[in-house]
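Right, one structure below, let's go through it.
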Amino acid sequence: GAVLLSGTVPDTVEHRFTIARPDTTITAIKVDLLIDDSIPGKGPGRGDEKRSNVILSELTCESQIDSKVQSIALQDPVADFSQTNWDVAEAIDGNRKSGWAISPQFGKPHWATFVLAKPVRLKSEQDSIVVTLGQFFGRGRVAGKPRISIFTGDPQLLDVSDDVRSLITKTKLTGKERKKLRGEFDKSNPRLKTIDRQLARARKQQRDIKPDTTLVMVEMEKPRETFVMVRGDYENLADKVEPGFPAVLPQGDEIPRSGDRMEFARWLTMSDNPLLPRVTVNRWWAELFGTGIVSTPEDFGTQSEDPSHPQLLDWLAAELIRSDWSMKHLHKQMVMSAAFQQESRLTPELLQADPNNRYLARGPRFRLPAELIRDNALAISGLLSSKMFGPPIMPYQPGDIWRSVGRNQPKWIAAENEDRFRRGVYVVCKRAAPYPSFINFDAPDRGSCTVSRGRTNTPLQALTLLNDPAYAEMALAMADRILADCQIASDAGRLAYAVQLAVARPATTYEVTLLQQLLDRERELIDRDQSVVSKRTQVPFESMQLRTKDKDELAAWFAVTNALLNLDETMSQ
């Protein structure tokens with residue numbers, strides 16, 4: 001029968017059950033964790049009303065036959081439910097620090113069965129087996145009402161009712177009986193239950209998938225009459241007007257005069273209209289060189305600045321049309337040009353000749369956009385995910401930014417898997433509360449169209465790179481990458497490797513010397529204060545594994561990588 005425990009809840013405990021039944025062959029045992037109104041939260045654990053978990057650290061069994069004590073090996077564990085990372089198999093692995101647990105399914109009974117590796121025959125009344133439930137986790141994670149049962153038949157028939165057993169032994173089954181057997185098998189097999197739950201989740205996800213839709217505008221069969229409204233008064237109508245292009249714009253003889261949106265699209269892309277390709281290639285040029293050939297990409301009118309290289313602008317526009325409007329082709333042309341690949345180092349002579357680099361006397365050098373600063377740091381650290389498509393993602397951000405008083409708003413739940421480290425283009429954007437580190441680096445809130453972003457330099461940007469937990473995760477991963485991947489085990493070799501990762505060039509002797517001094521100071525700090533180690537080497541989630549075992553060394557290198565990720569050169573193109 002079951003044993004209802006009361007009194008002071010022990011921190012750890014062993015419960016021993018002695019079973020004596022003459023003339024019995026025992027093939028398996030069953031452990032029941034029962035519930036009861038007298039247990040906090042009804043159990044099955046005794047420790048906490050809100051978290052009544054049980055952790056069975058170690059289950060052992062021994063026989064006492066003819067006054068001889070012998071251990072019995074257990075195998076083939078099966079449970080109705082196992083907590084994540086606390087599988088029932090860990091109850092018989094010989095490790096007291098692991099075990100079987102049942103969180104979060106509190107307030108309901110649970111069971112587990114274990115097959116004896118070799119059946120035990122109890123012959124006389126003095127023969128017995130002893131089953132011990134070792135619960136060593138602590139914090140009161142112990143059973144409140146355990147029960148031990150024995151099984152004497154074929155272990156494959158555990159937890160099978162008598163009527164089902166009778167069906168199993170029949171040689172011929174009706175269709176109804178066969179269906180019942182199948183149903184009983186599905187219900188009694190925990191592994192199938194897990195598969196069924198996974199299948200149900202997958203089917204729900206499949207049902208939730210909605211086909212992508214595209215909004216299509218259709219012109220009205222009979223166009224609505226449109227009039228000039230005198231001074232904007234819709235009750236004071238003047239002349240009737242028809243849709244069409246302003247006469248001051250180039251029209252093109254090949255454009256049909258329908259006045260609809262298709263006519264506008266054809267006008268935009270017609271071969272003798274240079275406006276669209278010139279504006280387009282100018283924006284791409286600005287993305288790669290920092291400034292467009294026309295420095296005002298949002299304004300090509302009379303108020304704009306003259307192009308610095310008008311013939312180049314016209315050639316790029318014509319090349320875009322010749323390449324069938326291929327964005328990839330134009331970008332390849334730009335990045336493989338001598339202008340883009342030249343050195344960006346600034347000398348006094350170049351500063352005097354071309355202070356703003358409008359005539360491309362040197363290679364482009366400017367700070368990366370906000371999203372690319374994060375992507376670049378992720379790539380350097382080795383964390384950047386190449387996963388594409390799918391729903392938007394939520395990396396780390398400080399708490400309560402999305403919180404609105406008195407409103408049931410969606411919550412920001414930071415991803416704890418590969419999605420945490422996907423590219424910035426996938427980050428959720430809420431106009432009322434944009435991603436903080438993006439805003440610090442001048443990303444717009446997307447409340448309105450922004451053709452060109454400003455570039456500011458503020459102390460908050462340096463503090464973001466130094467102290468934002470998201471960038472701390474990247475610095476930790478970069479330190480782990482250096483210690484695990486660098487082929488040269490010396491400090492100098494690893495420091496040179498770190499600089500190469502961060503700024504994509506060989507390190508100078510002076511840089512290695514400065515970083516060595518920083519590394520030595522950090523090692524001395526860690527020797528004085530070990531609490532620094534746990535603060536710096538804490539991973540954001542369990543599945544993020546570090547390869548470096550020496551945590552003290554990892555914490556010291558964290559300071560080096562944190563400094564490298566904060567360099568102006570690291571975040572500059």
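The way I read the labels, and the way they are meant: chains A, B, ... in the order of the structure tokens, residue 1 as the first residue of every chain, and ligand 1 as the first ligand shown, with later ones counted on from there.
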Running DSSP on the backbone, which parts of segment 281-344 of chain A land in alpha helix (DSSP H), as JSON, numbers by chain?
-> {"A": [281, 282, 283, 284, 285, 286, 287, 288, 289, 310, 311, 312, 313, 314, 315, 316, 317, 318, 319, 320, 321, 322, 327, 328, 329, 330, 331, 332, 333, 334, 335, 338, 339, 340, 341]}
Contacts of Gly47 of chain A within 10 Å, only C-alpha atoms, excl. fewer than 6 positions in-chain, as a PDB file with C-alpha atoms, in the first residue's frame:
ATOM      1  CA  VAL A   9       9.849  17.948   5.678  1.00  0.00           C
ATOM      2  CA  PRO A  10      13.415  16.614   5.359  1.00  0.00           C
ATOM      3  CA  ASP A  11      15.903  18.273   3.022  1.00  0.00           C
ATOM      4  CA  ILE A  39       0.224  17.524   1.232  1.00  0.00           C
ATOM      5  CA  PRO A  40       0.980  21.165   0.255  1.00  0.00           C
ATOM      6  CA  GLY A  41      -0.572  21.750  -3.146  1.00  0.00           C
ATOM      7  CA  ASN A  53       8.007  18.770  -7.272  1.00  0.00           C
ATOM      8  CA  VAL A  54       9.572  15.384  -6.524  1.00  0.00           C
ATOM      9  CA  GLY A 138      17.379  19.099  -1.387  1.00  0.00           C
ATOM     10  CA  ARG A 139      14.897  21.921  -0.763  1.00  0.00           C
ATOM     11  CA  GLY A 140      12.189  19.455   0.191  1.00  0.00           C
ATOM     12  CA  ARG A 141      11.813  17.892  -3.244  1.00  0.00           C
ATOM     13  CA  VAL A 142      10.687  14.603  -1.651  1.00  0.00           C
ATOM     14  CA  ALA A 143       7.606  12.423  -2.125  1.00  0.00           C
ATOM     15  CA  GLY A 144       4.619  12.903   0.178  1.00  0.00           C
TER      16      GLY A 144
END
Rounded to one decimal place, report the atom CA of Ile148 of chain A-atom CA of Arg16 of chain A distance in Å.
-> 9.8 Å
10 Å contact set for segment 499-516 of chain A, only C-alpha atoms, chain neighbours under 6 positions out, as a list of chain:residue names = A:Asn376, A:Ala377, A:Ala379, A:Ile380, A:Ser381, A:Gly382, A:Met478, A:Ile482, A:Asp491, A:Ala492, A:Gly493, A:Glu522, A:Trp557, A:Ala559, A:Val560, A:Thr561, A:Ala563, A:Leu564, A:Leu565, A:Asn566, A:Leu567, A:Asp568, A:Glu569, A:Thr570, A:Met571, A:Ser572, A:Gln573
Go ahead and dump the residues you just picked, N, CA and C atoms, as a short mmCIF file (atom, residue, chain, number, x, y, z; two decimals), in the first residue's frame.
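Result file follows (part.cif):
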data_model
loop_
_atom_site.label_atom_id
_atom_site.label_comp_id
_atom_site.auth_asym_id
_atom_site.auth_seq_id
_atom_site.Cartn_x
_atom_site.Cartn_y
_atom_site.Cartn_z
N ASN A 376 27.63 42.59 -37.33
CA ASN A 376 29.08 42.47 -37.41
C ASN A 376 29.65 41.88 -36.12
N ALA A 377 29.15 42.34 -34.97
CA ALA A 377 29.62 41.80 -33.69
C ALA A 377 29.24 40.33 -33.54
N ALA A 379 28.89 38.21 -36.01
CA ALA A 379 29.75 37.45 -36.92
C ALA A 379 31.15 37.28 -36.34
N ILE A 380 31.69 38.34 -35.73
CA ILE A 380 33.02 38.26 -35.13
C ILE A 380 33.03 37.25 -34.00
N SER A 381 31.97 37.23 -33.21
CA SER A 381 31.91 36.32 -32.06
C SER A 381 31.66 34.88 -32.46
N GLY A 382 31.19 34.67 -33.69
CA GLY A 382 30.86 33.32 -34.13
C GLY A 382 29.43 32.92 -33.83
N MET A 478 33.05 35.48 -28.26
CA MET A 478 34.30 35.76 -28.98
C MET A 478 35.50 35.29 -28.17
N ILE A 482 38.24 32.48 -29.36
CA ILE A 482 39.69 32.69 -29.41
C ILE A 482 40.42 31.58 -28.67
N ASP A 491 49.79 33.92 -25.47
CA ASP A 491 48.97 35.14 -25.39
C ASP A 491 49.13 35.99 -26.64
N ALA A 492 50.38 36.16 -27.10
CA ALA A 492 50.63 37.01 -28.27
C ALA A 492 49.91 36.46 -29.50
N GLY A 493 49.96 35.15 -29.69
CA GLY A 493 49.28 34.56 -30.84
C GLY A 493 47.78 34.73 -30.77
N GLU A 522 43.56 42.20 -15.99
CA GLU A 522 42.34 41.46 -15.72
C GLU A 522 42.62 40.16 -14.97
N TRP A 557 39.83 37.03 -20.72
CA TRP A 557 39.75 37.32 -22.16
C TRP A 557 38.47 38.04 -22.52
N ALA A 559 37.32 40.64 -21.07
CA ALA A 559 37.64 42.07 -21.05
C ALA A 559 38.33 42.50 -22.35
N VAL A 560 39.19 41.63 -22.88
CA VAL A 560 39.89 41.94 -24.13
C VAL A 560 38.91 42.02 -25.30
N THR A 561 38.05 41.02 -25.42
CA THR A 561 37.10 41.02 -26.54
C THR A 561 36.06 42.13 -26.40
N ALA A 563 36.65 45.05 -25.22
CA ALA A 563 37.32 46.26 -25.70
C ALA A 563 37.42 46.26 -27.23
N LEU A 564 37.73 45.10 -27.81
CA LEU A 564 37.87 45.03 -29.27
C LEU A 564 36.55 45.30 -29.98
N LEU A 565 35.44 44.81 -29.43
CA LEU A 565 34.14 45.06 -30.05
C LEU A 565 33.72 46.52 -29.93
N ASN A 566 34.37 47.26 -29.04
CA ASN A 566 34.03 48.67 -28.84
C ASN A 566 34.92 49.60 -29.65
N LEU A 567 35.87 49.06 -30.41
CA LEU A 567 36.76 49.90 -31.21
C LEU A 567 35.99 50.60 -32.32
N ASP A 568 36.38 51.84 -32.59
CA ASP A 568 35.78 52.57 -33.70
C ASP A 568 36.04 51.84 -35.02
N GLU A 569 37.22 51.24 -35.14
CA GLU A 569 37.56 50.52 -36.37
C GLU A 569 36.69 49.29 -36.56
N THR A 570 36.29 48.65 -35.45
CA THR A 570 35.46 47.45 -35.55
C THR A 570 34.09 47.76 -36.12
N MET A 571 33.54 48.90 -35.76
CA MET A 571 32.18 49.22 -36.22
C MET A 571 32.18 50.14 -37.43
N SER A 572 33.32 50.27 -38.09
CA SER A 572 33.41 51.13 -39.27
C SER A 572 33.63 50.31 -40.52
N GLN A 573 33.09 50.81 -41.61
CA GLN A 573 33.34 50.16 -42.91
C GLN A 573 34.55 50.80 -43.55
#
Interatomic distance, atom CA of Ala286 of chain A to atom CA of Leu368 of chain A (Å, one decimal) | 12.1 Å
What gap, in Å, lies between atom CA of Gln126 of chain A and atom CA of Gln64 of chain A?
-> 8.1 Å
Contact residues around Ile526 of chain A with only C-alpha atoms at 10 Å, ignoring same-chain residues under 4 positions, as an MDAnalysis selection string = chainID A and resid 521:522 530:533 552:553 555:556
What's the 9 Å shell around segment 220-226 of chain A, counting only C-alpha atoms, without same-chain residues fewer than 5 positions away, as a VMD selection string?
-> chain A and resid 239 to 243
Can you write just those residues out, N, CA and C atoms, as a short mmCIF file (atom, residue, chain, number, x, y, z; two decimals), in the first residue's frame?
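selection_24.cif was written with the following content:
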data_model
loop_
_atom_site.label_atom_id
_atom_site.label_comp_id
_atom_site.auth_asym_id
_atom_site.auth_seq_id
_atom_site.Cartn_x
_atom_site.Cartn_y
_atom_site.Cartn_z
N ASP A 239 -13.86 72.75 -62.44
CA ASP A 239 -13.73 71.98 -63.67
C ASP A 239 -13.55 70.49 -63.39
N LYS A 240 -14.08 69.68 -64.30
CA LYS A 240 -13.87 68.24 -64.24
C LYS A 240 -12.49 67.93 -64.79
N VAL A 241 -11.76 67.00 -64.13
CA VAL A 241 -10.39 66.67 -64.55
C VAL A 241 -10.29 65.16 -64.77
N GLU A 242 -9.30 64.78 -65.59
CA GLU A 242 -9.01 63.38 -65.88
C GLU A 242 -7.63 63.02 -65.33
N PRO A 243 -7.40 61.75 -64.96
CA PRO A 243 -6.07 61.36 -64.48
C PRO A 243 -5.03 61.42 -65.59
#
Tell me which protein, DNA and RNA residues are within 9 Å of segment 329-334 of chain A, counting only C-alpha atoms, leaving out same-chain ones fewer than 2 positions away, and put them as a list in words.
->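 Once the nearby chain positions are removed, what remains is Val281, Trp284, Trp285, Leu288, Leu316, Glu319, Leu320, Ser323, Trp325, Ser326, Met327, Met336, Ser337, Ala338, Ala339 and Phe340 of chain A.
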Export of prior selection with N, CA and C atoms as a CSV table (one decimal), in the first residue's frame:
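The resulting file, part.csv, is reproduced below:
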chain,number,residue,atom,x,y,z
A,281,VAL,N,20.4,54.0,-58.2
A,281,VAL,CA,21.9,53.7,-58.1
A,281,VAL,C,22.5,54.7,-57.2
A,284,TRP,N,22.1,53.3,-53.7
A,284,TRP,CA,23.0,52.1,-53.5
A,284,TRP,C,24.5,52.6,-53.3
A,285,TRP,N,24.8,53.6,-54.1
A,285,TRP,CA,26.2,54.2,-53.9
A,285,TRP,C,26.4,54.8,-52.5
A,288,LEU,N,27.2,52.1,-49.9
A,288,LEU,CA,28.5,51.6,-50.0
A,288,LEU,C,29.6,52.6,-49.7
A,316,LEU,N,26.1,54.4,-64.5
A,316,LEU,CA,25.5,53.5,-63.5
A,316,LEU,C,24.0,53.3,-63.8
A,319,GLU,N,23.6,51.3,-66.9
A,319,GLU,CA,24.0,49.9,-66.7
A,319,GLU,C,22.9,49.1,-65.9
A,320,LEU,N,22.2,49.8,-65.1
A,320,LEU,CA,21.1,49.2,-64.3
A,320,LEU,C,20.0,48.7,-65.3
A,323,SER,N,21.2,45.8,-67.5
A,323,SER,CA,21.3,44.5,-66.7
A,323,SER,C,19.9,44.0,-66.3
A,325,TRP,N,17.7,45.6,-64.7
A,325,TRP,CA,17.4,46.1,-63.3
A,325,TRP,C,17.9,45.2,-62.3
A,326,SER,N,19.1,44.6,-62.5
A,326,SER,CA,19.7,43.7,-61.5
A,326,SER,C,20.4,44.4,-60.4
A,327,MET,N,19.9,44.3,-59.2
A,327,MET,CA,20.5,44.9,-58.0
A,327,MET,C,21.8,44.3,-57.7
A,336,MET,N,33.6,45.9,-56.6
A,336,MET,CA,34.8,45.5,-57.3
A,336,MET,C,35.6,46.6,-58.0
A,337,SER,N,35.1,47.8,-57.8
A,337,SER,CA,35.7,49.0,-58.4
A,337,SER,C,37.0,49.4,-57.7
A,338,ALA,N,37.9,50.0,-58.4
A,338,ALA,CA,39.1,50.5,-57.7
A,338,ALA,C,38.8,51.5,-56.7
A,339,ALA,N,37.8,52.3,-56.9
A,339,ALA,CA,37.4,53.4,-56.0
A,339,ALA,C,37.0,52.8,-54.6
A,340,PHE,N,36.3,51.7,-54.6
A,340,PHE,CA,35.8,51.1,-53.4
A,340,PHE,C,37.0,50.3,-52.7
Of the residues A:Pro395, A:Ala484, A:Arg528, A:Val130, which is the one nearest to Leu554 of chain A, using only C-alpha atoms?
->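 The answer is A:Ala484, which sits nearest to Leu554 of chain A.
Comparing the minimum interatomic distances between Asp375 of chain A and each of A:Arg178, A:Pro211, A:Gly424, A:Gln105, counting only C-alpha atoms, we find that A:Gly424 sits nearest.
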